[in-house]
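Source file final-v5.cif; content: mmCIF, C-alpha atoms.
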```cif
data_model
loop_
_atom_site.label_atom_id
_atom_site.label_comp_id
_atom_site.auth_asym_id
_atom_site.auth_seq_id
_atom_site.Cartn_x
_atom_site.Cartn_y
_atom_site.Cartn_z
CA MET P 1 -11.13 -10.03 -38.05
CA SER P 2 -9.53 -7.43 -35.81
CA LYS P 3 -9.41 -3.81 -36.85
CA SER P 4 -5.65 -3.98 -37.08
CA GLY P 5 -5.89 -6.80 -39.59
CA ALA P 6 -8.66 -5.34 -41.67
CA SER P 7 -7.73 -4.41 -45.22
CA VAL P 8 -7.79 -0.75 -46.18
CA LYS P 9 -10.39 -0.03 -48.85
CA ASP P 10 -9.16 1.84 -51.93
CA ARG P 11 -11.78 4.59 -52.03
CA ILE P 12 -10.03 6.65 -54.73
CA SER P 13 -10.03 3.84 -57.27
CA ALA P 14 -13.75 3.42 -56.67
CA LEU P 15 -14.46 6.90 -58.02
CA PRO P 16 -16.02 7.28 -61.51
CA ASP P 17 -13.71 7.52 -64.52
CA ASP P 18 -14.46 11.18 -65.16
CA VAL P 19 -13.46 12.09 -61.59
CA LEU P 20 -10.23 10.09 -61.80
CA CYS P 21 -9.40 11.71 -65.14
CA LYS P 22 -9.93 15.09 -63.52
CA ILE P 23 -7.38 14.12 -60.87
CA LEU P 24 -4.91 12.93 -63.52
CA SER P 25 -5.29 16.19 -65.44
CA CYS P 26 -3.70 17.98 -62.48
CA LEU P 27 -0.50 15.97 -63.02
CA ASP P 28 2.14 16.31 -65.71
CA ILE P 29 1.81 13.66 -68.40
CA GLN P 30 4.83 11.66 -67.14
CA SER P 31 3.28 11.31 -63.69
CA ALA P 32 -0.12 10.51 -65.18
CA VAL P 33 1.35 7.63 -67.20
CA ARG P 34 3.10 6.27 -64.11
CA THR P 35 -0.25 5.79 -62.32
CA THR P 36 -0.66 2.58 -64.35
CA VAL P 37 1.41 0.80 -61.67
CA LEU P 38 -1.11 1.62 -58.92
CA SER P 39 -3.64 -1.07 -59.87
CA PRO P 40 -5.36 -2.54 -62.95
CA ARG P 41 -8.14 0.03 -62.35
CA TRP P 42 -5.75 2.80 -63.46
CA ASN P 43 -4.23 1.06 -66.50
CA ASN P 44 -5.93 2.92 -69.30
CA LEU P 45 -7.24 6.05 -67.59
CA TRP P 46 -4.43 8.31 -68.77
CA THR P 47 -5.14 7.41 -72.40
CA SER P 48 -8.30 9.53 -72.37
CA LEU P 49 -6.77 12.70 -70.91
CA SER P 50 -7.85 15.74 -72.92
CA ASP P 51 -4.99 18.01 -71.77
CA LEU P 52 -1.45 17.02 -72.75
CA TRP P 53 1.62 18.94 -71.63
CA PHE P 54 5.01 17.70 -72.83
CA ARG P 55 8.31 19.11 -71.54
CA ASN P 56 11.75 17.78 -72.41
CA GLU P 57 13.13 18.89 -69.05
CA GLY P 58 14.12 15.92 -66.92
CA PHE P 59 14.69 13.46 -69.77
CA SER P 60 18.12 11.92 -70.24
CA ASP P 61 18.40 13.07 -73.84
CA GLU P 62 16.38 14.34 -76.80
CA ASP P 63 15.69 10.88 -78.19
CA ALA P 64 14.25 9.65 -74.89
CA PHE P 65 11.85 12.59 -74.78
CA MET P 66 10.71 12.16 -78.37
CA THR P 67 10.17 8.45 -77.90
CA PHE P 68 8.03 9.18 -74.86
CA VAL P 69 5.85 11.65 -76.81
CA ASP P 70 5.52 9.19 -79.69
CA ARG P 71 4.38 6.41 -77.38
CA VAL P 72 1.89 8.59 -75.49
CA LEU P 73 0.24 9.72 -78.73
CA PHE P 74 0.30 6.17 -80.15
CA PHE P 75 -1.32 4.47 -77.13
CA ARG P 76 -3.75 7.28 -76.40
CA ASP P 77 -7.39 6.55 -77.30
CA SER P 78 -9.27 8.33 -80.09
CA SER P 79 -10.95 10.97 -77.90
CA ASP P 80 -10.43 14.67 -78.59
CA ILE P 81 -7.42 16.62 -77.36
CA LYS P 82 -8.53 19.88 -75.80
CA LYS P 83 -5.13 21.36 -74.88
CA PHE P 84 -1.74 20.44 -76.33
CA TYR P 85 1.39 22.03 -74.85
CA LEU P 86 4.88 21.37 -76.18
CA ASP P 87 7.90 22.81 -74.38
CA PHE P 88 10.93 21.54 -76.29
CA ASP P 89 14.23 23.41 -76.00
CA GLU P 90 16.46 23.56 -79.14
CA PRO P 91 15.59 20.29 -80.90
CA GLU P 92 17.80 19.01 -83.69
CA GLU P 93 16.64 19.88 -87.20
CA ASP P 94 16.45 16.19 -88.09
CA ASN P 95 13.60 15.87 -85.61
CA PHE P 96 11.44 18.69 -86.99
CA SER P 97 9.33 16.21 -88.96
CA ARG P 98 8.40 14.35 -85.78
CA ILE P 99 7.36 17.62 -84.12
CA GLU P 100 5.20 18.36 -87.15
CA SER P 101 3.56 14.94 -86.82
CA TRP P 102 2.68 15.68 -83.16
CA ILE P 103 1.04 18.95 -84.14
CA CYS P 104 -0.91 17.22 -86.92
CA THR P 105 -2.07 14.55 -84.46
CA ALA P 106 -3.42 17.24 -82.13
CA ILE P 107 -5.19 18.88 -85.07
CA ARG P 108 -6.80 15.59 -86.13
CA ARG P 109 -8.02 15.22 -82.53
CA ASN P 110 -9.83 18.59 -82.73
CA VAL P 111 -7.42 20.54 -80.52
CA VAL P 112 -8.82 23.75 -79.02
CA GLU P 113 -5.70 25.23 -77.42
CA LEU P 114 -2.21 24.74 -78.90
CA ASN P 115 0.93 26.05 -77.20
CA LEU P 116 4.27 25.58 -79.01
CA SER P 117 7.32 26.73 -77.08
CA VAL P 118 10.18 25.43 -79.20
CA PRO P 119 13.27 27.70 -79.01
CA LEU P 120 15.62 27.03 -81.92
CA TYR P 121 19.25 27.66 -82.75
CA LEU P 122 19.84 31.06 -84.38
CA ASP P 123 20.14 29.73 -87.94
CA LYS P 124 17.13 27.38 -87.73
CA THR P 125 13.46 27.92 -88.56
CA PHE P 126 10.47 25.62 -88.28
CA GLU P 127 7.74 25.58 -90.92
CA LEU P 128 4.26 25.31 -89.49
CA PRO P 129 2.14 22.52 -91.04
CA ARG P 130 -0.52 23.83 -93.43
CA SER P 131 -3.23 21.88 -91.64
CA LEU P 132 -2.75 24.19 -88.67
CA PHE P 133 -4.18 27.15 -90.58
CA THR P 134 -7.40 25.37 -91.53
CA CYS P 135 -8.08 23.73 -88.16
CA LYS P 136 -11.75 24.44 -87.41
CA THR P 137 -11.58 23.78 -83.66
CA LEU P 138 -8.48 25.81 -82.77
CA GLU P 139 -9.36 28.81 -80.59
CA VAL P 140 -6.10 29.58 -78.71
CA LEU P 141 -2.64 29.51 -80.30
CA SER P 142 0.73 30.36 -78.74
CA LEU P 143 3.81 30.36 -80.99
CA LYS P 144 7.14 30.79 -79.24
CA SER P 145 9.58 29.69 -81.89
CA LYS P 146 11.25 30.90 -85.08
CA PHE P 147 8.71 29.77 -87.59
CA ILE P 148 7.77 30.07 -91.25
CA ALA P 149 4.11 30.45 -92.11
CA ASN P 150 2.68 29.75 -95.56
CA PRO P 151 -1.08 29.78 -95.05
CA PRO P 152 -3.60 29.30 -97.86
CA LYS P 153 -5.15 32.44 -99.36
CA SER P 154 -8.53 31.82 -97.75
CA GLY P 155 -10.17 29.79 -95.00
CA CYS P 156 -7.47 30.39 -92.38
CA PHE P 157 -8.00 30.12 -88.63
CA PRO P 158 -11.81 30.08 -88.82
CA SER P 159 -12.20 29.82 -85.01
CA LEU P 160 -8.98 31.37 -83.63
CA LYS P 161 -9.76 33.97 -80.94
CA VAL P 162 -6.48 34.24 -78.96
CA LEU P 163 -2.99 34.46 -80.50
CA ASP P 164 0.30 34.85 -78.60
CA VAL P 165 3.43 35.27 -80.74
CA LEU P 166 7.10 35.54 -79.70
CA VAL P 167 9.33 37.43 -82.15
CA HIS P 168 13.11 37.00 -82.38
CA TYR P 169 15.44 37.98 -85.22
CA PRO P 170 12.59 38.81 -87.63
CA ASP P 171 13.15 38.74 -91.37
CA HIS P 172 13.14 42.09 -93.19
CA ASP P 173 9.47 42.21 -94.10
CA ASN P 174 8.15 39.95 -91.35
CA SER P 175 6.29 38.02 -94.05
CA SER P 176 5.48 35.04 -91.82
CA LEU P 177 4.04 37.31 -89.14
CA GLY P 178 2.13 39.31 -91.71
CA HIS P 179 0.62 36.17 -93.21
CA ILE P 180 -0.68 35.14 -89.80
CA PHE P 181 -1.90 38.57 -88.67
CA ALA P 182 -3.85 39.07 -91.89
CA ASN P 183 -5.63 35.70 -91.72
CA CYS P 184 -7.50 35.70 -88.43
CA PRO P 185 -11.10 36.69 -89.18
CA VAL P 186 -12.45 36.18 -85.64
CA LEU P 187 -9.31 37.00 -83.60
CA GLU P 188 -10.13 38.91 -80.41
CA ASP P 189 -6.91 38.92 -78.37
CA LEU P 190 -3.39 39.34 -79.83
CA ARG P 191 -0.12 39.50 -77.90
CA ILE P 192 3.21 40.17 -79.64
CA GLU P 193 6.36 39.88 -77.56
CA GLY P 194 10.00 39.73 -78.52
CA THR P 195 13.41 41.25 -78.99
CA LEU P 196 14.52 43.31 -81.97
CA TRP P 197 18.24 43.61 -82.58
CA GLY P 198 20.19 46.56 -83.95
CA PHE P 199 21.61 44.52 -86.81
CA CYS P 200 18.06 43.81 -88.09
CA ASP P 201 16.81 46.29 -90.67
CA GLY P 202 13.81 48.39 -89.74
CA SER P 203 10.68 46.35 -90.30
CA ASP P 204 6.93 46.75 -90.59
CA PHE P 205 4.35 44.94 -88.51
CA LYS P 206 1.01 44.91 -90.31
CA ILE P 207 -1.98 43.84 -88.24
CA SER P 208 -5.43 43.68 -89.77
CA ALA P 209 -8.07 41.99 -87.63
CA PRO P 210 -11.71 43.03 -87.95
CA GLU P 211 -12.80 41.51 -84.60
CA LEU P 212 -9.69 42.29 -82.52
CA LYS P 213 -10.57 43.65 -79.07
CA ARG P 214 -7.29 43.47 -77.13
CA LEU P 215 -3.74 44.08 -78.39
CA THR P 216 -0.56 43.81 -76.32
CA VAL P 217 2.87 44.72 -77.73
CA VAL P 218 5.99 43.99 -75.62
CA MET P 219 9.17 44.80 -77.52
CA TYR P 220 12.76 45.11 -76.29
CA ILE P 221 15.51 46.74 -78.34
CA VAL P 222 19.11 45.46 -78.19
CA ASN P 223 22.06 47.35 -79.71
CA PHE P 224 19.80 50.09 -81.03
CA GLU P 225 21.06 52.07 -84.02
CA ASP P 226 18.91 54.24 -86.31
CA ASP P 227 16.36 51.73 -87.58
CA GLU P 228 12.65 52.33 -87.23
CA TYR P 229 9.93 49.74 -86.74
CA ILE P 230 6.45 50.64 -87.93
CA PHE P 231 3.20 49.17 -86.62
CA TYR P 232 0.22 49.41 -88.96
CA ILE P 233 -2.84 48.42 -86.94
CA ASN P 234 -6.25 48.16 -88.55
CA ALA P 235 -8.60 47.02 -85.82
CA PRO P 236 -11.89 48.94 -85.86
CA LYS P 237 -13.25 47.03 -82.82
CA LEU P 238 -10.09 47.32 -80.69
CA GLU P 239 -11.00 48.18 -77.10
CA VAL P 240 -7.76 47.73 -75.13
CA PHE P 241 -4.20 48.52 -76.25
CA ASN P 242 -1.25 47.60 -74.01
CA PHE P 243 2.34 48.72 -74.53
CA PRO P 244 3.64 47.65 -71.10
CA SER P 245 7.38 47.84 -71.76
CA GLY P 246 9.49 49.27 -74.50
CA ASP P 247 11.23 52.26 -76.02
CA SER P 248 8.67 53.55 -78.48
CA SER P 249 11.08 56.19 -79.79
CA VAL P 250 12.18 53.53 -82.30
CA PHE P 251 8.57 52.66 -83.22
CA SER P 252 6.00 54.48 -85.28
CA PHE P 253 2.32 53.71 -84.98
CA GLU P 254 -0.53 54.05 -87.41
CA ILE P 255 -3.66 52.85 -85.64
CA ASN P 256 -7.21 52.61 -86.91
CA ALA P 257 -9.14 51.80 -83.74
CA LYS P 258 -12.29 53.89 -83.46
CA SER P 259 -13.64 51.80 -80.57
CA LEU P 260 -10.53 52.12 -78.38
CA PHE P 261 -11.54 52.42 -74.73
CA LYS P 262 -8.41 51.79 -72.67
CA ALA P 263 -4.65 52.12 -73.24
CA ASN P 264 -1.78 51.15 -70.91
CA ILE P 265 1.51 52.68 -72.06
CA HIS P 266 4.89 52.38 -70.36
CA LEU P 267 7.73 54.16 -72.14
CA SER P 268 11.38 53.67 -71.21
CA SER P 269 13.63 56.11 -73.02
CA CYS P 270 15.42 57.48 -69.98
CA ASP P 271 18.84 57.42 -71.66
CA ARG P 272 17.88 59.78 -74.50
CA GLN P 273 16.17 63.15 -74.28
CA VAL P 274 13.77 62.56 -77.13
CA ASP P 275 10.03 62.41 -77.53
CA GLY P 276 9.53 58.83 -76.41
CA THR P 277 5.97 58.66 -77.75
CA ASN P 278 6.90 59.02 -81.44
CA GLY P 279 3.30 59.57 -82.51
CA LEU P 280 1.84 56.95 -80.18
CA LEU P 281 -0.27 59.40 -78.17
CA GLU P 282 -1.76 60.86 -81.33
CA ALA P 283 -2.66 57.37 -82.50
CA ILE P 284 -4.64 56.62 -79.32
CA SER P 285 -6.01 60.11 -78.63
CA ASN P 286 -9.64 58.90 -78.79
CA VAL P 287 -9.15 56.64 -75.76
CA LYS P 288 -11.36 56.99 -72.66
CA GLN P 289 -8.99 55.52 -70.07
CA LEU P 290 -5.23 56.06 -70.22
CA SER P 291 -2.44 54.77 -68.00
CA LEU P 292 0.83 56.43 -69.03
CA SER P 293 4.31 56.08 -67.59
CA THR P 294 6.93 58.27 -69.24
CA ARG P 295 10.09 60.25 -68.60
CA TYR P 296 10.22 62.50 -71.66
CA LEU P 297 7.38 64.01 -73.60
CA GLU P 298 8.98 66.63 -75.78
CA GLY P 299 6.45 66.22 -78.59
CA GLY P 300 3.57 67.68 -76.58
CA VAL P 301 0.17 66.27 -75.74
CA PRO P 302 -2.60 65.91 -78.35
CA ALA P 303 -6.24 66.64 -77.54
CA PHE P 304 -7.87 63.81 -75.57
CA ASP P 305 -11.49 64.83 -75.97
CA ASN P 306 -12.91 61.49 -74.80
CA LEU P 307 -10.53 60.89 -71.88
CA ASN P 308 -12.25 60.62 -68.50
CA HIS P 309 -9.73 58.53 -66.52
CA LEU P 310 -6.00 59.33 -66.48
CA GLU P 311 -3.31 57.50 -64.51
CA LEU P 312 -0.03 59.36 -64.95
CA THR P 313 3.32 58.09 -63.69
CA LEU P 314 6.13 60.64 -63.96
CA CYS P 315 9.76 60.22 -63.03
CA GLY P 316 10.51 61.70 -59.63
CA PHE P 317 7.64 64.19 -59.86
CA SER P 318 10.11 66.27 -61.89
CA CYS P 319 7.78 66.79 -64.82
CA TRP P 320 4.74 68.59 -63.46
CA ARG P 321 4.37 70.41 -66.77
CA TYR P 322 3.28 67.12 -68.35
CA LEU P 323 0.39 67.04 -65.90
CA THR P 324 -0.70 70.58 -66.77
CA GLU P 325 -0.56 69.73 -70.47
CA PHE P 326 -2.85 66.74 -69.96
CA LEU P 327 -5.25 68.83 -67.88
CA LYS P 328 -5.45 71.44 -70.63
CA ARG P 329 -5.93 68.85 -73.38
CA SER P 330 -8.44 66.56 -71.58
CA ARG P 331 -11.56 68.64 -71.25
CA ASN P 332 -13.79 65.74 -70.03
CA LEU P 333 -11.40 64.29 -67.46
CA GLU P 334 -13.15 63.02 -64.30
CA TYR P 335 -10.61 60.83 -62.52
CA LEU P 336 -6.93 61.67 -62.13
CA VAL P 337 -4.31 59.39 -60.55
CA ILE P 338 -0.75 60.68 -60.15
CA LYS P 339 1.94 58.16 -59.31
CA HIS P 340 5.52 58.67 -58.25
CA SER P 341 8.37 56.81 -59.94
CA SER P 342 12.02 57.20 -59.00
CA CYS P 343 14.73 56.75 -61.62
CA GLN P 344 18.44 57.14 -60.93
CA HIS P 345 19.41 57.09 -64.60
CA CYS P 346 17.35 59.91 -66.09
CA GLY P 347 19.47 62.85 -65.06
CA ILE P 348 16.37 65.08 -64.96
CA GLU P 349 16.62 68.09 -62.70
CA HIS P 350 13.61 68.81 -60.53
CA GLU P 351 11.50 71.60 -61.98
CA ASP P 352 9.06 73.94 -60.35
CA PHE P 353 5.32 73.64 -60.79
CA THR P 354 4.01 76.36 -63.10
CA PRO P 355 0.21 76.67 -63.17
CA PRO P 356 -1.41 77.03 -66.58
CA GLU P 357 -2.39 80.53 -67.68
CA PHE P 358 -6.07 79.61 -67.58
CA VAL P 359 -7.79 77.04 -65.40
CA PRO P 360 -8.36 73.93 -67.53
CA VAL P 361 -11.96 73.21 -68.51
CA CYS P 362 -11.95 69.78 -66.88
CA MET P 363 -11.15 71.32 -63.47
CA LEU P 364 -14.09 73.71 -63.75
CA SER P 365 -16.74 71.20 -64.77
CA HIS P 366 -15.72 67.51 -64.72
CA LEU P 367 -12.81 66.52 -62.44
CA LYS P 368 -14.30 64.63 -59.47
CA THR P 369 -11.49 62.54 -57.96
CA ILE P 370 -7.74 63.11 -57.61
CA SER P 371 -5.36 60.56 -56.10
CA ILE P 372 -1.66 61.24 -55.52
CA SER P 373 0.52 58.34 -54.35
CA SER P 374 4.00 58.31 -52.79
CA PHE P 375 3.56 61.95 -51.80
CA LYS P 376 6.73 63.33 -50.17
CA GLY P 377 5.55 66.82 -49.32
CA ARG P 378 8.29 68.78 -51.11
CA GLN P 379 7.45 72.41 -51.75
CA VAL P 380 6.97 71.87 -55.48
CA ASP P 381 4.60 68.96 -54.76
CA MET P 382 2.68 71.02 -52.22
CA ARG P 383 2.21 73.86 -54.71
CA ALA P 384 0.84 71.47 -57.30
CA ALA P 385 -1.52 69.86 -54.78
CA GLN P 386 -2.67 73.26 -53.54
CA TYR P 387 -3.47 74.40 -57.09
CA LEU P 388 -5.46 71.25 -57.88
CA LEU P 389 -7.47 71.53 -54.67
CA LYS P 390 -8.14 75.25 -55.06
CA TYR P 391 -9.32 75.32 -58.68
CA SER P 392 -11.15 72.01 -59.07
CA GLU P 393 -14.68 73.31 -58.63
CA VAL P 394 -16.63 70.02 -58.76
CA LEU P 395 -14.07 67.87 -56.94
CA ASN P 396 -15.58 65.29 -54.55
CA LYS P 397 -12.45 63.68 -53.17
CA MET P 398 -8.69 64.25 -53.07
CA ILE P 399 -6.61 61.35 -51.79
CA PHE P 400 -2.98 61.54 -50.66
CA THR P 401 -0.88 58.44 -50.00
CA ILE P 402 2.19 59.52 -48.06
CA SER P 403 5.56 58.14 -49.18
CA ALA P 404 6.84 55.23 -47.11
CA GLY P 405 9.50 56.19 -44.60
CA LEU P 406 8.29 59.72 -43.96
CA PRO P 407 8.62 60.52 -40.21
CA ARG P 408 5.39 60.63 -38.23
CA ALA P 409 5.90 64.26 -37.29
CA GLU P 410 6.19 65.27 -40.95
CA GLU P 411 3.02 63.33 -41.78
CA GLU P 412 1.11 65.23 -39.10
CA ALA P 413 2.50 68.54 -40.35
CA LEU P 414 1.39 67.71 -43.90
CA TYR P 415 -2.09 66.84 -42.69
CA LYS P 416 -2.45 70.17 -40.86
CA GLU P 417 -1.22 72.04 -43.94
CA PHE P 418 -3.70 70.21 -46.17
CA LEU P 419 -6.55 71.30 -43.90
CA MET P 420 -5.53 74.92 -44.43
CA PHE P 421 -5.64 74.71 -48.23
CA GLU P 422 -8.43 76.57 -49.96
CA ARG P 423 -10.92 74.29 -51.70
CA GLY P 424 -12.72 75.18 -54.90
CA SER P 425 -15.44 72.61 -54.16
CA LYS P 426 -17.44 72.88 -50.95
CA THR P 427 -18.17 69.13 -51.00
CA CYS P 428 -14.57 68.00 -51.45
CA GLN P 429 -13.16 65.60 -48.88
CA VAL P 430 -9.42 65.23 -48.31
CA GLU P 431 -8.20 61.78 -47.30
CA ILE P 432 -4.63 60.98 -46.23
CA TYR P 433 -3.14 57.50 -45.98
CA ASN P 434 0.30 56.13 -45.23
#
```
Can I see the file as structure tokens?
Amino acid sequence: MSKSGASVKDRISALPDDVLCKILSCLDIQSAVRTTVLSPRWNNLWTSLSDLWFRNEGFSDEDAFMTFVDRVLFFRDSSDIKKFYLDFDEPEEDNFSRIESWICTAIRRNVVELNLSVPLYLDKTFELPRSLFTCKTLEVLSLKSKFIANPPKSGCFPSLKVLDVLVHYPDHDNSSLGHIFANCPVLEDLRIEGTLWGFCDGSDFKISAPELKRLTVVMYIVNFEDDEYIFYINAPKLEVFNFPSGDSSVFSFEINAKSLFKANIHLSSCDRQVDGTNGLLEAISNVKQLSLSTRYLEGGVPAFDNLNHLELTLCGFSCWRYLTEFLKRSRNLEYLVIKHSSCQHCGIEHEDFTPPEFVPVCMLSHLKTISISSFKGRQVDMRAAQYLLKYSEVLNKMIFTISAGLPRAEEEALYKEFLMFERGSKTCQVEIYN
């Protein structure tokens, strides 16, 4: 037979089942099911997939999607389901029972990771099946829906380590959230994200997790009035606390976290001249690494006796006094990063740099590295840089990153001026980048 007439060998179909299933797992479930038309070799491969991701996008209507999910779960073999993802936008209330049956099927198949993204109409809520709370294999749970939780009094979430919750229109006492947060004995990573509306009464968020190591809170406020939201956090093993976006002036924090190592805080209260921290800094004052972005800090800075790494982002470099306050209150600080952030809405007038009356302890005995980014070389910035370089007696390195767009001639002038600055440390090196 000539080469042109030779049949092409199907090398992919000759691969072992586990390899083919690995290939199928890279496809969405609809595409995986369609591979049955390739050849008899592929007929039943999809039925043993351990990862199932269902999305109603692309289906003609809700009934067609639900029928598809029903059939996949019915014809699937009896092997375990490792990951079950459901992305179902605004289902009708009449179909809630079918969604519950899907969740229960995943639980019976020893699901390890369960992701429920089921946005509902404003007046609808979905009650989580009770079997979810006692699932012994579940380790990762993501709930992005308006749900009601009625867990048993004991034996809840025995293996759950990661929990991601989306909050919208919470009830007054957040009872469903509280029931979940208080019933995770081995939880290590908790993320709470959502939107709180002005017409909702002030609420409490009570988190008690003995093994919690990482907590992230992302809250947006809409139509803010005078309500206050209180976070009670009892997490003695908490190591990392993230508040990456939000106006904490409407939050109060009571945190028991003796093991806290790192905190990342971004405060956005640029439209009101208030203390945007509202007790948050006091609650995390035992932290060792702090990344803080703020525009107002009228409440002062508490003592950070354990802090050795500070990354401070201040609006327009207009608040140099915040830096001096941190230097005075962080006696063991070793690494300082100062970042520039421009904001056109703050209305803050640029202020002069006023050195503290006494040189902070950290500058005399601990501060080793200073990095200043987006440096523009204004006189107030130069005075601050000159002070830091002159009085930091054990400083090893000071790094300047020049602001983008600065003319080359001005960069060279800044470099020459830096070389003339007096240095408190004989071993300090000055590095300049653009």
Using the chain letters and numbering of this document, enumerate as JSON, numbers by chain the residues selected by the PyMOL selection byres ((chain P and resi 149) around 7). {"P": [127, 128, 147, 148, 150, 151, 176, 179]}
Just so the selection is clear, what residues does the PyMOL selection byres ((chain P and resi 394) around 7) cover here, as a PDB file with C-alpha atoms, in the frame of the given file?
```pdb
ATOM      1  CA  LEU P 364     -14.090  73.710 -63.750  1.00  0.00           C
ATOM      2  CA  SER P 365     -16.740  71.200 -64.770  1.00  0.00           C
ATOM      3  CA  HIS P 366     -15.720  67.510 -64.720  1.00  0.00           C
ATOM      4  CA  LEU P 367     -12.810  66.520 -62.440  1.00  0.00           C
ATOM      5  CA  LYS P 368     -14.300  64.630 -59.470  1.00  0.00           C
ATOM      6  CA  SER P 392     -11.150  72.010 -59.070  1.00  0.00           C
ATOM      7  CA  GLU P 393     -14.680  73.310 -58.630  1.00  0.00           C
ATOM      8  CA  LEU P 395     -14.070  67.870 -56.940  1.00  0.00           C
ATOM      9  CA  ASN P 396     -15.580  65.290 -54.550  1.00  0.00           C
ATOM     10  CA  SER P 425     -15.440  72.610 -54.160  1.00  0.00           C
TER      11      SER P 425
END
```
Write out as a PyMOL selection string which residues come within 12 Å of P:Leu27 when counting all atoms listed in the file, dropping same-chain ones fewer than 6 positions away. chain P and resi 20-21+33-35+46+49+51-54
What residues come out when you apply the PyMOL selection byres ((chain P and resi 234) around 12) to this file, written as a list in words? Phe181, Ala182, Phe205, Lys206, Ile207, Ser208, Ala209, Pro210, Glu211, Leu212, Lys213, Leu215, Phe231, Tyr232, Ile233, Ala235, Pro236, Lys237, Leu238, Phe253, Glu254, Ile255, Asn256, Ala257, Lys258, Ser259, Leu260 and Ala283 of chain P
Separation of atom CA of P:Leu166 from atom CA of P:Lys144, in Å and rounded to one decimal: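 Separation of atom CA of P:Leu166 and atom CA of P:Lys144: 4.8 Å.
Atom CA of P:Gly58 is positioned 16.6 Å from atom CA of P:Val72.
All residues of protein, DNA or RNA that reach within 6 Å of P:Leu307, judged by all atoms listed in the file and not counting those fewer than 5 positions away in the chain, are Val287, Lys288, Gln289 and Leu333 of chain P.
The closest residue to P:Met66, picked from P:Ile99, P:Leu45, P:Leu160, P:Ile399 and counting all atoms listed in the file, is P:Ile99.
Take atom CA of P:Val301 and atom CA of P:Ser245: the distance between them is 20.2 Å.
Checking P:Ile221, P:Leu281, P:Val19, P:Thr125 one by one against P:Phe241, counting only C-alpha atoms, you find the shortest gap at P:Leu281.
Every protein, DNA or RNA residue with an atom at most 9 Å from P:Ile370, where only C-alpha atoms count and chain neighbours fewer than 6 positions away do not, is listed here: Glu334, Tyr335, Leu336, Val337, Ile338, Leu388, Leu389, Leu395, Asn396, Lys397, Met398, Ile399 and Phe400 of chain P.
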Selection: 10 Å around P:Val118, only C-alpha atoms, excl. self and same-chain fewer than 5 positions, as a PyMOL selection string: chain P and resi 86-91+99+126+143-147
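Distances here use only C-alpha atoms; by that measure, the residue among P:Tyr220, P:Gly155, P:Arg383, P:Ser403 closest to P:Phe421 is P:Arg383.
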Can you pull out the residues contacting P:Leu406? Cut-off 12 Å, using all atoms listed in the file, and skip same-chain residues under 3 positions away; I want them as a short mmCIF file (atom, residue, chain, number, x, y, z; two decimals) with C-alpha atoms, keeping the file's coordinate frame.
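Listed below is the output, result_11.cif:
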```cif
data_model
loop_
_atom_site.label_atom_id
_atom_site.label_comp_id
_atom_site.auth_asym_id
_atom_site.auth_seq_id
_atom_site.Cartn_x
_atom_site.Cartn_y
_atom_site.Cartn_z
CA SER P 374 4.00 58.31 -52.79
CA PHE P 375 3.56 61.95 -51.80
CA LYS P 376 6.73 63.33 -50.17
CA GLY P 377 5.55 66.82 -49.32
CA ARG P 378 8.29 68.78 -51.11
CA THR P 401 -0.88 58.44 -50.00
CA ILE P 402 2.19 59.52 -48.06
CA SER P 403 5.56 58.14 -49.18
CA ALA P 409 5.90 64.26 -37.29
CA GLU P 410 6.19 65.27 -40.95
CA GLU P 411 3.02 63.33 -41.78
CA GLU P 412 1.11 65.23 -39.10
CA ALA P 413 2.50 68.54 -40.35
CA LEU P 414 1.39 67.71 -43.90
CA TYR P 433 -3.14 57.50 -45.98
CA ASN P 434 0.30 56.13 -45.23
#
```
Please work out which residues fall within 12 Å of (-3.8, 76.2, -56.4), coordinates as given in the file, with all atoms listed in the file counting, and return them as an mmCIF file with C-alpha atoms, in the frame of the given file.
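As written to disk, out.cif reads:
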```cif
data_model
loop_
_atom_site.group_PDB
_atom_site.id
_atom_site.type_symbol
_atom_site.label_atom_id
_atom_site.label_comp_id
_atom_site.auth_asym_id
_atom_site.auth_seq_id
_atom_site.Cartn_x
_atom_site.Cartn_y
_atom_site.Cartn_z
ATOM 1 C CA PHE P 353 5.320 73.640 -60.790
ATOM 2 C CA THR P 354 4.010 76.360 -63.100
ATOM 3 C CA PRO P 355 0.210 76.670 -63.170
ATOM 4 C CA PRO P 356 -1.410 77.030 -66.580
ATOM 5 C CA PHE P 358 -6.070 79.610 -67.580
ATOM 6 C CA VAL P 359 -7.790 77.040 -65.400
ATOM 7 C CA MET P 363 -11.150 71.320 -63.470
ATOM 8 C CA VAL P 380 6.970 71.870 -55.480
ATOM 9 C CA ASP P 381 4.600 68.960 -54.760
ATOM 10 C CA MET P 382 2.680 71.020 -52.220
ATOM 11 C CA ARG P 383 2.210 73.860 -54.710
ATOM 12 C CA ALA P 384 0.840 71.470 -57.300
ATOM 13 C CA ALA P 385 -1.520 69.860 -54.780
ATOM 14 C CA GLN P 386 -2.670 73.260 -53.540
ATOM 15 C CA TYR P 387 -3.470 74.400 -57.090
ATOM 16 C CA LEU P 388 -5.460 71.250 -57.880
ATOM 17 C CA LEU P 389 -7.470 71.530 -54.670
ATOM 18 C CA LYS P 390 -8.140 75.250 -55.060
ATOM 19 C CA TYR P 391 -9.320 75.320 -58.680
ATOM 20 C CA SER P 392 -11.150 72.010 -59.070
ATOM 21 C CA GLU P 393 -14.680 73.310 -58.630
ATOM 22 C CA PHE P 418 -3.700 70.210 -46.170
ATOM 23 C CA PHE P 421 -5.640 74.710 -48.230
ATOM 24 C CA GLU P 422 -8.430 76.570 -49.960
ATOM 25 C CA ARG P 423 -10.920 74.290 -51.700
ATOM 26 C CA GLY P 424 -12.720 75.180 -54.900
#
```
